[in-house]
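This report refers to the structure that appears directly beneath it.
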Amino acid sequence: NAGVTQTPKFRILKIGQSMTLQCTQDMNHNYMYWYRQDPGMGLKLIYYSVGAGITDKGEVPNGYNVSRSTTEDFPLRLELAAPSQTSVYFCASSYSLIYNEQFFGPGTRLTVL
Amino acid sequence: RKEVEQDPGPFNVPEGATVAFNCTYSNSASQSFFWYRQDCRKEPKLLMSVYSSGNEDGRFTAQLNRASQYISLLIRDSKLSDSATYLCVVNLSSGGSYIPTFGRGTSLIVHP
């Protein structure tokens, strides 16, 4: 089991560029999440999904989009990157929304210049 | 008031010390509670779930106080390897669903 994998590990974008952060899990979890973590801060939920075809906004969804066409994959799309999106992005998955631990990927460090 | 609050520290303690962290939450309808550990530049990993009756895992004890809306983490006999950031997570009730909400973390530094 690879768990949760994320690509790329690092990326530098110019203002206005777009990119997709990839996230895949092989644990057959229905629930998947995208977080961002700014320096010295906790994780903030961007979007989450309760199953293939179902997504919902978290605390900080502006500037991002997601899709969930399969159980395994949950890509995060950044359109028109801005310096405020410089952060570390973590993808996570869990068996249930409430009671089970979340398993995190290693993160993507994104810098927007 | 922030929804989940933690003292960011750092807590600087000698090896062998006992240290405790608290985490307060704003929504009394919150369903579940966790402590995660995050090492520098790494992903968070589950340390403990927090149950109403309290739970213990070796040197770590977690407790929940629903009346005062806080959870706590106690670390006994601190080791150098305990140095990390400890994140509390509360699944807050929000519009009929539950949203996992992280505190900003408490930094622990254990020195020789």
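Letters A, B, ... go to the chains of the structure tokens in the order shown; residues in each chain start at 1; ligands are counted from 1 in the same order.
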Could you make a table, as CSV, of the residues of chain A that have an atom within 8 Å of an atom of chain B, each with its nearest atom pair and distance in Å to one decimal, counting only C-alpha atoms, in chain and number order?
residue,atom,partner,partner_atom,distance
A:Gly40,CA,B:Arg104,CA,7.1
A:Met41,CA,B:Arg104,CA,4.6
A:Gly42,CA,B:Arg104,CA,3.6
A:Leu43,CA,B:Phe102,CA,5.7
A:Lys44,CA,B:Phe102,CA,7.0
A:Leu45,CA,B:Thr101,CA,7.4
A:Gly58,CA,B:Ile99,CA,7.5
A:Phe90,CA,B:Glu43,CA,7.3
A:Leu97,CA,B:Tyr98,CA,7.3
A:Ile98,CA,B:Ser32,CA,6.3
A:Tyr99,CA,B:Ser32,CA,6.2
A:Glu101,CA,B:Leu46,CA,6.5
A:Gln102,CA,B:Leu46,CA,7.5
A:Phe103,CA,B:Lys45,CA,7.1
A:Phe104,CA,B:Glu43,CA,6.1
A:Gly105,CA,B:Glu43,CA,6.6
A:Pro106,CA,B:Glu43,CA,5.4
A:Gly107,CA,B:Glu43,CA,6.6
Go ahead and write the selection's residues with N, CA and C atoms as a compact mmCIF listing (two decimals), in the first residue's frame.
# COMPACT_ATOMS: atom_id res chain seq x y z
N GLY A 40 3.63 28.42 10.19
CA GLY A 40 3.24 28.66 11.57
C GLY A 40 1.76 28.54 11.86
N MET A 41 1.03 28.02 10.89
CA MET A 41 -0.42 27.94 11.06
C MET A 41 -0.87 26.50 10.96
N GLY A 42 -2.13 26.28 11.37
CA GLY A 42 -2.72 24.96 11.20
C GLY A 42 -3.18 24.76 9.77
N LEU A 43 -3.77 23.60 9.54
CA LEU A 43 -4.26 23.29 8.20
C LEU A 43 -5.66 23.88 8.01
N LYS A 44 -5.89 24.43 6.85
CA LYS A 44 -7.22 24.96 6.52
C LYS A 44 -7.82 24.13 5.39
N LEU A 45 -9.06 23.73 5.56
CA LEU A 45 -9.72 22.85 4.60
C LEU A 45 -10.15 23.66 3.38
N GLY A 58 -14.80 23.72 1.62
CA GLY A 58 -14.35 23.83 2.99
C GLY A 58 -14.29 25.28 3.41
N PHE A 90 -1.72 19.81 1.39
CA PHE A 90 -1.81 18.41 1.81
C PHE A 90 -3.13 17.82 1.36
N LEU A 97 -16.15 10.26 7.76
CA LEU A 97 -15.96 11.70 7.92
C LEU A 97 -15.70 12.06 9.37
N ILE A 98 -16.27 11.32 10.29
CA ILE A 98 -16.26 11.78 11.67
C ILE A 98 -15.27 11.03 12.55
N TYR A 99 -15.31 9.72 12.52
CA TYR A 99 -14.66 8.98 13.58
C TYR A 99 -13.29 8.42 13.26
N GLU A 101 -9.30 8.29 11.57
CA GLU A 101 -8.15 9.14 11.32
C GLU A 101 -8.04 9.45 9.83
N GLN A 102 -7.44 10.59 9.57
CA GLN A 102 -7.11 10.96 8.20
C GLN A 102 -5.66 10.56 7.92
N PHE A 103 -5.44 10.03 6.73
CA PHE A 103 -4.10 9.70 6.28
C PHE A 103 -3.68 10.77 5.28
N PHE A 104 -2.50 11.34 5.51
CA PHE A 104 -2.06 12.46 4.70
C PHE A 104 -1.00 12.05 3.70
N GLY A 105 -1.01 12.74 2.57
CA GLY A 105 0.09 12.64 1.63
C GLY A 105 1.24 13.50 2.10
N PRO A 106 2.39 13.42 1.41
CA PRO A 106 3.60 14.13 1.85
C PRO A 106 3.57 15.62 1.59
N GLY A 107 2.59 16.10 0.83
CA GLY A 107 2.46 17.53 0.60
C GLY A 107 3.10 18.00 -0.69
Worksheet item: If you run DSSP on this backbone, which residues of chain A come out as strand (DSSP E or B), and could you give them as a ChimeraX atom specification?
Response: /A:4-7,10-13,19-25,31-37,43-51,54-57,64-66,73,76-78,87-94,103-104,108-112
Response to the item:
Judged by only C-alpha atoms, the minimum distance to Tyr64 of chain A among A:Ser87, A:Ala2, A:Ser49, A:Thr20 is found for A:Thr20
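Closest approach to Trp34 of chain A among A:Val112, A:Ile12, A:Val88, A:Ala52: A:Val88, based on only C-alpha atoms.
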Discussion item. Can you measure atom CA of Ser69 of chain A to atom CA of Arg36 of chain A for me? One decimal in Å is fine.
Written reply: 21.9 Å
Pick out the residues sitting within 8 Å of segment 25-30 of chain A, and hand them over as a PDB file with all heavy atoms, in the first residue's frame; count only C-alpha atoms, and ignore anything fewer than 3 positions along from it in its own chain.
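Printed below is out.pdb as written:
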ATOM      1  N   ASN A   1       0.831  -1.215   0.000  1.00  0.00           N
ATOM      2  CA  ASN A   1       0.000   0.000   0.000  1.00  0.00           C
ATOM      3  C   ASN A   1       0.855   1.251   0.000  1.00  0.00           C
ATOM      4  O   ASN A   1       1.681   1.442   0.867  1.00  0.00           O
ATOM      5  CB  ASN A   1      -0.870   0.030   1.257  1.00  0.00           C
ATOM      6  CG  ASN A   1      -2.201  -0.649   1.052  1.00  0.00           C
ATOM      7  OD1 ASN A   1      -2.486  -1.118  -0.037  1.00  0.00           O
ATOM      8  ND2 ASN A   1      -3.017  -0.672   2.077  1.00  0.00           N
ATOM      9  N   ALA A   2       0.635   2.115  -0.996  1.00  0.00           N
ATOM     10  CA  ALA A   2       1.368   3.368  -1.025  1.00  0.00           C
ATOM     11  C   ALA A   2       0.715   4.397  -0.125  1.00  0.00           C
ATOM     12  O   ALA A   2       1.337   5.378   0.250  1.00  0.00           O
ATOM     13  CB  ALA A   2       1.435   3.895  -2.452  1.00  0.00           C
ATOM     14  N   GLY A   3      -0.563   4.219   0.225  1.00  0.00           N
ATOM     15  CA  GLY A   3      -1.260   5.198   1.047  1.00  0.00           C
ATOM     16  C   GLY A   3      -1.771   6.342   0.187  1.00  0.00           C
ATOM     17  O   GLY A   3      -2.431   6.135  -0.820  1.00  0.00           O
ATOM     18  N   VAL A   4      -1.407   7.561   0.571  1.00  0.00           N
ATOM     19  CA  VAL A   4      -1.803   8.754  -0.176  1.00  0.00           C
ATOM     20  C   VAL A   4      -0.557   9.322  -0.856  1.00  0.00           C
ATOM     21  O   VAL A   4       0.448   9.586  -0.183  1.00  0.00           O
ATOM     22  CB  VAL A   4      -2.416   9.824   0.755  1.00  0.00           C
ATOM     23  CG1 VAL A   4      -2.821  11.058  -0.054  1.00  0.00           C
ATOM     24  CG2 VAL A   4      -3.622   9.245   1.494  1.00  0.00           C
ATOM     25  N   THR A   5      -0.615   9.468  -2.156  1.00  0.00           N
ATOM     26  CA  THR A   5       0.512  10.035  -2.886  1.00  0.00           C
ATOM     27  C   THR A   5       0.091  11.360  -3.513  1.00  0.00           C
ATOM     28  O   THR A   5      -1.067  11.536  -3.927  1.00  0.00           O
ATOM     29  CB  THR A   5       1.016   9.078  -3.977  1.00  0.00           C
ATOM     30  OG1 THR A   5      -0.076   8.766  -4.865  1.00  0.00           O
ATOM     31  CG2 THR A   5       1.542   7.797  -3.366  1.00  0.00           C
ATOM     32  N   SER A  49     -14.432  15.690  -0.283  1.00  0.00           N
ATOM     33  CA  SER A  49     -15.302  14.851  -1.089  1.00  0.00           C
ATOM     34  C   SER A  49     -15.737  13.637  -0.279  1.00  0.00           C
ATOM     35  O   SER A  49     -14.921  13.033   0.421  1.00  0.00           O
ATOM     36  CB  SER A  49     -14.562  14.394  -2.353  1.00  0.00           C
ATOM     37  OG  SER A  49     -15.292  13.395  -3.021  1.00  0.00           O
ATOM     38  N   VAL A  50     -17.011  13.309  -0.360  1.00  0.00           N
ATOM     39  CA  VAL A  50     -17.533  12.160   0.389  1.00  0.00           C
ATOM     40  C   VAL A  50     -17.677  10.929  -0.494  1.00  0.00           C
ATOM     41  O   VAL A  50     -18.151   9.890  -0.032  1.00  0.00           O
ATOM     42  CB  VAL A  50     -18.866  12.491   1.078  1.00  0.00           C
ATOM     43  CG1 VAL A  50     -18.688  13.693   2.009  1.00  0.00           C
ATOM     44  CG2 VAL A  50     -19.958  12.779   0.077  1.00  0.00           C
ATOM     45  N   GLY A  51     -17.287  11.044  -1.740  1.00  0.00           N
ATOM     46  CA  GLY A  51     -17.338   9.905  -2.643  1.00  0.00           C
ATOM     47  C   GLY A  51     -17.212  10.384  -4.070  1.00  0.00           C
ATOM     48  O   GLY A  51     -17.289  11.595  -4.345  1.00  0.00           O
ATOM     49  N   ALA A  52     -17.029   9.442  -4.980  1.00  0.00           N
ATOM     50  CA  ALA A  52     -16.889   9.797  -6.389  1.00  0.00           C
ATOM     51  C   ALA A  52     -18.105  10.609  -6.836  1.00  0.00           C
ATOM     52  O   ALA A  52     -19.251  10.254  -6.560  1.00  0.00           O
ATOM     53  CB  ALA A  52     -16.744   8.541  -7.233  1.00  0.00           C
ATOM     54  N   THR A  71     -12.883   6.897  -7.075  1.00  0.00           N
ATOM     55  CA  THR A  71     -12.628   6.823  -5.633  1.00  0.00           C
ATOM     56  C   THR A  71     -11.184   7.176  -5.306  1.00  0.00           C
ATOM     57  O   THR A  71     -10.890   7.787  -4.292  1.00  0.00           O
ATOM     58  CB  THR A  71     -12.938   5.408  -5.118  1.00  0.00           C
ATOM     59  OG1 THR A  71     -14.319   5.124  -5.346  1.00  0.00           O
ATOM     60  CG2 THR A  71     -12.653   5.279  -3.624  1.00  0.00           C
ATOM     61  N   GLU A  72     -10.267   6.810  -6.211  1.00  0.00           N
ATOM     62  CA  GLU A  72      -8.843   6.922  -5.908  1.00  0.00           C
ATOM     63  C   GLU A  72      -8.280   8.339  -6.064  1.00  0.00           C
ATOM     64  O   GLU A  72      -7.345   8.712  -5.369  1.00  0.00           O
ATOM     65  CB  GLU A  72      -8.039   6.000  -6.842  1.00  0.00           C
ATOM     66  CG  GLU A  72      -8.285   4.518  -6.648  1.00  0.00           C
ATOM     67  CD  GLU A  72      -9.583   4.051  -7.264  1.00  0.00           C
ATOM     68  OE1 GLU A  72     -10.125   4.730  -8.167  1.00  0.00           O
ATOM     69  OE2 GLU A  72     -10.097   2.992  -6.817  1.00  0.00           O
ATOM     70  N   ASP A  73      -8.812   9.116  -6.996  1.00  0.00           N
ATOM     71  CA  ASP A  73      -8.170  10.376  -7.367  1.00  0.00           C
ATOM     72  C   ASP A  73      -8.985  11.598  -6.965  1.00  0.00           C
ATOM     73  O   ASP A  73     -10.206  11.631  -7.130  1.00  0.00           O
ATOM     74  CB  ASP A  73      -7.940  10.404  -8.888  1.00  0.00           C
ATOM     75  CG  ASP A  73      -7.049   9.273  -9.337  1.00  0.00           C
ATOM     76  OD1 ASP A  73      -5.950   9.140  -8.791  1.00  0.00           O
ATOM     77  OD2 ASP A  73      -7.467   8.515 -10.247  1.00  0.00           O
ATOM     78  N   SER A  93      -7.046  11.342   3.161  1.00  0.00           N
ATOM     79  CA  SER A  93      -8.223  10.497   2.968  1.00  0.00           C
ATOM     80  C   SER A  93      -8.577   9.826   4.280  1.00  0.00           C
ATOM     81  O   SER A  93      -7.735   9.697   5.185  1.00  0.00           O
ATOM     82  CB  SER A  93      -7.980   9.447   1.876  1.00  0.00           C
ATOM     83  OG  SER A  93      -7.100   8.431   2.336  1.00  0.00           O
ATOM     84  N   SER A  94      -9.831   9.410   4.394  1.00  0.00           N
ATOM     85  CA  SER A  94     -10.269   8.701   5.597  1.00  0.00           C
ATOM     86  C   SER A  94     -11.417   7.772   5.249  1.00  0.00           C
ATOM     87  O   SER A  94     -12.100   7.937   4.233  1.00  0.00           O
ATOM     88  CB  SER A  94     -10.694   9.671   6.703  1.00  0.00           C
ATOM     89  OG  SER A  94     -11.871  10.366   6.341  1.00  0.00           O
ATOM     90  N   TYR A  95     -11.620   6.782   6.119  1.00  0.00           N
ATOM     91  CA  TYR A  95     -12.693   5.823   5.909  1.00  0.00           C
ATOM     92  C   TYR A  95     -14.056   6.467   6.155  1.00  0.00           C
ATOM     93  O   TYR A  95     -15.017   6.210   5.427  1.00  0.00           O
ATOM     94  CB  TYR A  95     -12.485   4.621   6.829  1.00  0.00           C
ATOM     95  CG  TYR A  95     -13.555   3.583   6.709  1.00  0.00           C
ATOM     96  CD1 TYR A  95     -13.648   2.792   5.569  1.00  0.00           C
ATOM     97  CD2 TYR A  95     -14.486   3.398   7.727  1.00  0.00           C
ATOM     98  CE1 TYR A  95     -14.641   1.841   5.444  1.00  0.00           C
ATOM     99  CE2 TYR A  95     -15.488   2.445   7.614  1.00  0.00           C
ATOM    100  CZ  TYR A  95     -15.555   1.674   6.469  1.00  0.00           C
ATOM    101  OH  TYR A  95     -16.540   0.739   6.351  1.00  0.00           O
ATOM    102  N   SER A  96     -14.141   7.292   7.215  1.00  0.00           N
ATOM    103  CA  SER A  96     -15.393   7.985   7.485  1.00  0.00           C
ATOM    104  C   SER A  96     -15.099   9.446   7.767  1.00  0.00           C
ATOM    105  O   SER A  96     -13.956   9.827   8.012  1.00  0.00           O
ATOM    106  CB  SER A  96     -16.138   7.354   8.666  1.00  0.00           C
ATOM    107  OG  SER A  96     -15.595   7.801   9.898  1.00  0.00           O
TER     108      SER A  96
END
Quick one: residues within 7 Å of Met19 of chain A, only C-alpha atoms counted, chain neighbours fewer than 6 positions away excluded, as a JSON list (two decimals) with C-alpha atoms, in the first residue's frame?
[["chain", "number", "residue", "atom", "x", "y", "z"],
["A", 77, "ARG", "CA", -6.94, 22.83, -9.71],
["A", 78, "LEU", "CA", -5.51, 26.31, -9.23],
["A", 79, "GLU", "CA", -6.67, 28.82, -11.80]]
Worksheet item: In Å, with one decimal, what is the gap from atom CA of Tyr35 of chain A to atom CA of Asn55 of chain B?
Response: 27.7 Å
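Among the candidates B:Cys40, B:Ala29, B:Cys23, B:Val13, the one nearest to Ile109 of chain B when counting only C-alpha atoms is B:Val13.
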Item to complete: Identify, on the basis of only C-alpha atoms, every residue whose closest approach to Lys57 of chain A does not exceed 7 Å; exclude the query and any residue fewer than 6 positions from it along the same chain; express the result as a ChimeraX atom specification.
Response: /A:46-48
Go ahead and save the picked residues with C-alpha atoms, as a JSON list (two decimals), in the first residue's frame.
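Ended up saving to result.json:
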[["chain", "number", "residue", "atom", "x", "y", "z"],
["A", 46, "ILE", "CA", -10.09, 23.88, 0.95],
["A", 47, "TYR", "CA", -12.45, 21.21, -0.42],
["A", 48, "TYR", "CA", -13.54, 17.76, 0.55]]
